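Here's entry34.txt, which has compact mmCIF, C-alpha atoms:
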```txt
# COMPACT_ATOMS: atom_id res chain seq x y z
CA MET A 182 2.51 -31.42 6.29
CA ARG A 183 0.88 -33.20 9.23
CA TRP A 184 3.04 -34.19 12.17
CA ASN A 185 2.77 -37.54 13.93
CA ALA A 186 1.72 -36.39 17.42
CA THR A 187 2.60 -39.71 19.05
CA ALA A 188 6.14 -39.58 17.63
CA LEU A 189 6.44 -35.93 18.75
CA ALA A 190 5.40 -36.89 22.29
CA TYR A 191 7.86 -39.79 22.48
CA ALA A 192 10.64 -37.61 21.02
CA THR A 193 9.88 -34.95 23.65
CA ILE A 194 10.01 -37.48 26.48
CA GLY A 195 13.25 -38.93 25.10
CA VAL A 196 14.87 -35.51 24.78
CA ILE A 197 13.85 -34.45 28.30
CA TRP A 198 15.55 -37.49 29.83
CA LEU A 199 18.52 -37.12 27.48
CA ILE A 200 19.00 -33.53 28.75
CA VAL A 201 18.77 -34.76 32.36
CA GLY A 202 21.29 -37.55 31.71
CA VAL A 203 23.72 -35.41 29.73
CA THR A 204 23.55 -32.62 32.36
CA ILE A 205 24.40 -34.94 35.24
CA TRP A 206 26.98 -36.93 33.30
CA ALA A 207 28.79 -33.75 32.22
CA GLU A 208 29.07 -32.62 35.86
CA GLN A 209 30.42 -36.02 36.92
CA GLN A 210 32.84 -36.56 34.03
CA GLU A 211 35.03 -33.60 33.08
CA SER A 212 36.10 -35.38 29.89
CA PHE A 213 32.46 -35.58 28.73
CA LYS A 214 31.98 -31.87 29.50
CA THR A 215 35.08 -31.12 27.42
CA LEU A 216 33.71 -33.25 24.58
CA LEU A 217 30.44 -31.29 24.66
CA ALA A 218 32.38 -28.02 24.67
CA SER A 219 34.40 -29.22 21.67
CA LEU A 220 31.19 -29.47 19.63
CA ALA A 221 30.60 -25.72 19.61
CA GLY A 222 32.95 -23.95 21.99
CA HIS A 223 30.81 -24.24 25.15
CA HIS A 224 29.33 -27.28 26.90
CA TRP A 225 25.85 -25.68 27.12
CA ILE A 226 25.77 -25.08 23.35
CA GLY A 227 26.96 -28.67 22.92
CA LYS A 228 24.03 -29.88 25.06
CA SER A 229 21.63 -27.68 23.07
CA ILE A 230 22.87 -29.13 19.78
CA VAL A 231 22.72 -32.71 21.11
CA ALA A 232 19.14 -32.12 22.32
CA ALA A 233 17.95 -30.59 19.03
CA VAL A 234 19.58 -33.31 16.91
CA ALA A 235 18.22 -36.06 19.18
CA PHE A 236 14.70 -34.61 18.94
CA VAL A 237 14.81 -34.64 15.14
CA LEU A 238 16.32 -38.15 15.01
CA LEU A 239 13.83 -39.58 17.52
CA TYR A 240 10.94 -38.05 15.60
CA MET A 241 12.24 -39.36 12.27
CA LEU A 242 12.66 -42.85 13.76
CA MET A 243 9.10 -42.92 15.11
CA ARG A 244 7.17 -40.84 12.59
CA HIS A 245 5.63 -43.90 10.90
CA ARG A 246 4.16 -45.25 14.15
CA ARG A 247 0.40 -45.47 14.37
CA GLU A 248 -1.08 -42.56 16.29
CA SER A 249 -1.87 -43.45 19.88
CA ASN A 250 -5.53 -43.83 20.78
CA ASN A 251 -4.80 -42.40 24.18
CA THR A 252 -3.19 -39.05 23.59
CA LEU A 253 -4.19 -37.82 27.06
CA THR A 254 -2.06 -40.52 28.74
CA LEU A 255 0.82 -39.67 26.43
CA MET A 256 0.54 -35.96 27.26
CA LEU A 257 0.38 -36.79 30.96
CA LEU A 258 3.59 -38.79 30.52
CA VAL A 259 5.20 -35.77 28.83
CA CYS A 260 4.13 -33.49 31.71
CA ALA A 261 5.31 -36.01 34.33
CA SER A 262 8.68 -36.33 32.55
CA ALA A 263 9.18 -32.56 32.39
CA ILE A 264 8.27 -32.08 36.07
CA ALA A 265 10.32 -35.06 37.27
CA GLY A 266 13.25 -34.09 35.01
CA GLY A 267 13.21 -30.56 36.43
CA ILE A 268 13.14 -31.87 40.00
CA VAL A 269 16.03 -34.26 39.28
CA ILE A 270 18.18 -31.46 37.80
CA PHE A 271 17.36 -29.05 40.67
CA SER A 272 18.02 -31.73 43.32
CA PHE A 273 21.28 -32.70 41.63
CA TYR A 274 22.58 -29.11 41.71
CA VAL A 275 21.45 -28.63 45.33
CA GLY A 276 23.39 -31.78 46.27
CA HIS A 277 26.35 -30.73 44.13
CA TYR A 278 26.43 -27.31 45.83
CA LEU A 279 26.09 -28.69 49.35
CA THR A 280 28.76 -31.37 48.89
CA GLY A 281 31.04 -29.43 46.54
CA MET B 15 21.44 -4.75 33.16
CA HIS B 16 22.45 -6.03 29.74
CA PRO B 17 19.99 -5.44 26.84
CA LEU B 18 20.21 -9.10 25.79
CA ILE B 19 18.84 -10.13 29.20
CA GLY B 20 15.82 -7.88 28.62
CA LEU B 21 15.32 -9.32 25.13
CA HIS B 22 15.66 -12.89 26.44
CA ALA B 23 13.07 -12.20 29.16
CA VAL B 24 10.64 -10.47 26.78
CA LEU B 25 10.84 -13.31 24.23
CA GLY B 26 10.39 -15.93 26.95
CA GLU B 27 7.40 -14.19 28.51
CA LEU B 28 5.78 -13.58 25.11
CA GLY B 29 6.24 -17.31 24.47
CA ALA B 30 4.56 -18.05 27.81
CA LEU B 31 1.68 -15.69 27.04
CA ALA B 32 1.25 -17.30 23.62
CA PHE B 33 0.71 -20.70 25.24
CA LEU B 34 -1.66 -19.14 27.79
CA TRP B 35 -3.59 -17.86 24.76
CA VAL B 36 -3.53 -21.36 23.20
CA LEU B 37 -4.85 -22.80 26.47
CA VAL B 38 -7.74 -20.30 26.57
CA GLU B 39 -8.65 -20.92 22.91
CA LEU B 40 -8.88 -24.67 23.58
CA LEU B 41 -11.06 -24.40 26.69
CA ASN B 42 -14.14 -24.01 24.51
CA PRO B 43 -12.93 -24.70 20.98
CA THR B 44 -14.56 -23.97 17.65
CA GLU B 45 -13.05 -24.36 14.18
CA SER B 46 -11.80 -20.77 14.14
CA ARG B 47 -10.42 -20.99 17.71
CA VAL B 48 -8.42 -24.15 16.88
CA GLN B 49 -7.08 -22.48 13.75
CA ARG B 50 -6.06 -19.46 15.84
CA ALA B 51 -4.52 -21.70 18.53
CA ARG B 52 -2.38 -23.41 15.87
CA ILE B 53 -1.00 -20.08 14.63
CA ILE B 54 -0.40 -18.77 18.16
CA ALA B 55 1.33 -22.02 19.15
CA LEU B 56 3.69 -21.62 16.17
CA ILE B 57 4.43 -18.01 17.19
CA GLY B 58 4.97 -19.12 20.81
CA THR B 59 7.34 -21.88 19.69
CA LEU B 60 9.35 -19.42 17.60
CA MET B 61 9.46 -16.98 20.56
CA LEU B 62 10.84 -19.69 22.85
CA ILE B 63 13.42 -20.75 20.25
CA ALA B 64 14.47 -17.09 19.90
CA ALA B 65 14.68 -16.79 23.72
CA TRP B 66 16.88 -19.91 23.67
CA VAL B 67 19.27 -18.40 21.09
CA VAL B 68 19.41 -14.90 22.66
CA GLY B 69 19.73 -16.23 26.23
CA GLY B 70 22.37 -18.72 25.11
CA TYR B 71 24.39 -16.04 23.35
CA TYR B 72 24.29 -13.84 26.47
CA TYR B 73 25.13 -16.80 28.73
CA VAL B 74 28.18 -17.78 26.71
CA THR B 75 29.55 -14.33 25.80
CA VAL B 76 28.69 -12.21 28.87
CA TYR B 77 27.32 -14.12 31.85
CA GLY B 78 30.02 -16.78 32.10
CA ILE B 79 32.82 -14.23 31.86
CA GLU B 80 31.51 -11.19 33.77
CA VAL B 81 28.59 -12.24 35.98
CA LYS B 82 29.19 -15.83 37.10
CA PRO B 83 32.56 -15.18 38.82
CA LEU B 84 31.08 -12.24 40.77
CA ILE B 85 28.01 -14.20 41.94
CA LYS B 86 30.18 -17.15 42.97
CA ALA B 87 32.44 -14.84 44.99
CA GLY B 88 29.49 -12.95 46.51
CA PRO B 89 27.23 -13.61 49.49
CA THR B 90 24.81 -15.88 47.54
CA PRO B 91 26.93 -18.23 45.41
CA TRP B 92 24.02 -20.69 45.26
CA ALA B 93 22.25 -18.19 42.98
CA HIS B 94 24.60 -19.44 40.27
CA SER B 95 25.49 -22.94 41.48
CA VAL B 96 21.88 -24.03 41.96
CA ILE B 97 19.54 -21.55 40.27
CA THR B 98 21.44 -20.63 37.08
CA GLU B 99 22.51 -24.24 36.55
CA THR B 100 18.91 -25.44 36.97
CA LYS B 101 17.49 -22.65 34.78
CA GLU B 102 19.91 -23.13 31.90
CA HIS B 103 19.14 -26.85 31.69
CA VAL B 104 15.41 -26.98 32.48
CA PHE B 105 14.87 -24.18 29.95
CA LEU B 106 15.97 -26.64 27.25
CA PHE B 107 12.72 -28.60 27.78
CA LEU B 108 10.57 -25.64 26.70
CA PRO B 109 11.13 -25.42 22.91
CA PHE B 110 10.42 -29.16 22.59
CA LEU B 111 7.25 -28.99 24.69
CA ALA B 112 6.17 -26.02 22.56
CA ALA B 113 6.86 -27.90 19.31
CA LEU B 114 4.80 -30.81 20.67
CA VAL B 115 1.77 -28.57 21.31
CA TRP B 116 2.05 -26.90 17.91
CA GLY B 117 2.51 -30.22 16.10
CA THR B 118 -0.36 -31.90 17.97
CA ILE B 119 -2.80 -29.07 17.21
CA GLY B 120 -1.68 -29.19 13.56
CA ARG B 121 -2.11 -32.98 13.45
CA TYR B 122 -5.60 -33.18 14.92
CA ARG B 123 -7.09 -29.75 14.10
CA MET B 124 -10.87 -30.19 14.11
CA GLU B 125 -10.71 -33.44 16.11
CA LEU B 126 -9.77 -31.21 19.04
CA VAL B 127 -13.30 -29.77 18.98
CA ALA B 128 -14.93 -33.17 19.49
CA ASN B 129 -12.28 -35.15 21.40
CA ARG B 130 -12.29 -33.93 25.01
CA ASN B 131 -9.39 -36.13 26.21
CA LEU B 132 -7.17 -35.00 23.35
CA ARG B 133 -8.00 -31.38 24.16
CA ILE B 134 -7.25 -31.84 27.87
CA GLY B 135 -3.86 -33.34 26.97
CA VAL B 136 -2.90 -30.34 24.84
CA ILE B 137 -4.24 -27.92 27.47
CA LEU B 138 -2.14 -29.61 30.20
CA VAL B 139 1.09 -29.37 28.22
CA SER B 140 0.29 -25.73 27.35
CA ALA B 141 -0.32 -24.97 31.05
CA LEU B 142 2.99 -26.62 31.95
CA ILE B 143 4.80 -24.45 29.38
CA VAL B 144 3.23 -21.32 30.92
CA LEU B 145 4.20 -22.35 34.47
CA MET B 146 7.73 -23.37 33.49
CA ALA B 147 8.31 -20.18 31.48
CA PHE B 148 7.15 -18.00 34.39
CA SER B 149 9.30 -20.02 36.79
CA MET B 150 12.25 -19.17 34.48
CA ALA B 151 11.45 -15.48 35.06
CA GLY B 152 11.41 -16.14 38.82
CA MET B 153 14.79 -17.83 38.63
CA GLY B 154 16.08 -14.92 36.54
CA PHE B 155 15.04 -12.59 39.37
CA ILE B 156 16.98 -14.69 41.91
CA ILE B 157 20.07 -14.69 39.68
CA SER B 158 19.86 -10.89 39.20
CA SER B 159 19.47 -10.49 42.97
CA GLY B 160 22.56 -12.64 43.51
CA PHE B 161 24.50 -10.44 41.10
CA ARG B 162 23.27 -7.26 42.81
CA ALA B 163 24.18 -8.66 46.24
CA ALA B 164 27.68 -9.45 44.95
CA LEU B 165 28.11 -5.92 43.58
CA GLU B 166 26.84 -4.38 46.83
CA ALA B 167 29.26 -6.54 48.82
CA GLN B 168 32.11 -5.17 46.68
CA VAL B 169 31.06 -1.52 47.13
CA LEU B 170 30.27 -1.61 50.86
```
What would you get if you wrote out this structure as structure tokens?
Amino acid sequence: MRWNATALAYATIGVIWLIVGVTIWAEQQESFKTLLASLAGHHWIGKSIVAAVAFVLLYMLMRHRRESNNTLTLMLLVCASAIAGGIVIFSFYVGHYLTG
Amino acid sequence: MHPLIGLHAVLGELGALAFLWVLVELLNPTESRVQRARIIALIGTLMLIAAWVVGGYYYVTVYGIEVKPLIKAGPTPWAHSVITETKEHVFLFLPFLAALVWGTIGRYRMELVANRNLRIGVILVSALIVLMAFSMAGMGFIISSGFRAALEAQVL
């Protein structure tokens, strides 16, 4: 089986920002955190399951796309998303700690 | 020190080293080096998934009950509130980045030998995985230090 690298890259970018969004939303809305915890007993496992399922779904949705001619740009976008997503999560928790 | 923490760290660092290996293989690729990189990327991906499962099990069954309350009551509560919270969520990026590298090498295989831009893209994501995985180890050190400081504050 050959993967569609373009779909994998888009699914990775989508999942990174989904994790960022779900992480922040769960800290802001206790009811959402409880919903995540109800999926598997703990909100972090809930986030893990949501991320894994979203990755598979996003890939399945995009797997028939034509491969990008500019894979380097796509990979740079993936790297930028991971770095920016990490900075957003870290900054959020710094702010949450300082104001909490 | 809980044995699951050691296992989590070993699996994570082996995953990081696997992607360092992938990166080196792709610096000057040949058919056999790309083939090797594909296998090592799969092993690295499985290592990171295993680190995810083991670390998650420890986090849910031990850390949250025994360690987190002590750190939060100790002299460096930010070790949990900022560092653990960041680590547990940013870590989730790693298995997906790893799967992307493995899948992309598998998709293009020999094209990686001739296509420089494609190769650079895969090398960059591999390098990011290595850096992120080692930063996880650094954050683990800060969390362990926070726990130790909390225990020392209780004893002294």
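The nearest approach to A:Ile194 among the residues A:Ser272, A:Gln209, A:Ser262, A:Thr280, with all atoms listed in the file taken into account, belongs to A:Ser262.
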Compute the set of chain B residues within 9 Å of chain A, using all atoms listed in the file, and express it as a ChimeraX atom specification. /B:70,74,92,95-97,99-104,106-107,110-111,113-115,117-122,131-136,138-139,142
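From atom CA of B:Val24 back to atom CA of B:Glu39, the distance works out to 22.3 Å.
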Shell around B:Asn42 at 9 Å using only C-alpha atoms, local window under 4 positions removed, as a ChimeraX atom specification: /B:38,47,127
Near B:Gly29, within 8 Å and counting only C-alpha atoms, which residues show up once chain neighbours fewer than 2 positions away are dropped, as a PyMOL selection string? chain B and resi 25-27+31-33+57-62+147
Here atom CA of A:Ser212 and atom CA of B:Thr98 stand apart by 22.0 Å
What does the structure give for the distance between atom CA of B:Gly160 and atom CA of B:Glu80, in Å to one decimal? 13.3 Å
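Using only C-alpha atoms, the nearest neighbour of B:Ala112 within the list B:Leu21, B:Ile54, B:Val67, B:Ile157 is B:Ile54.
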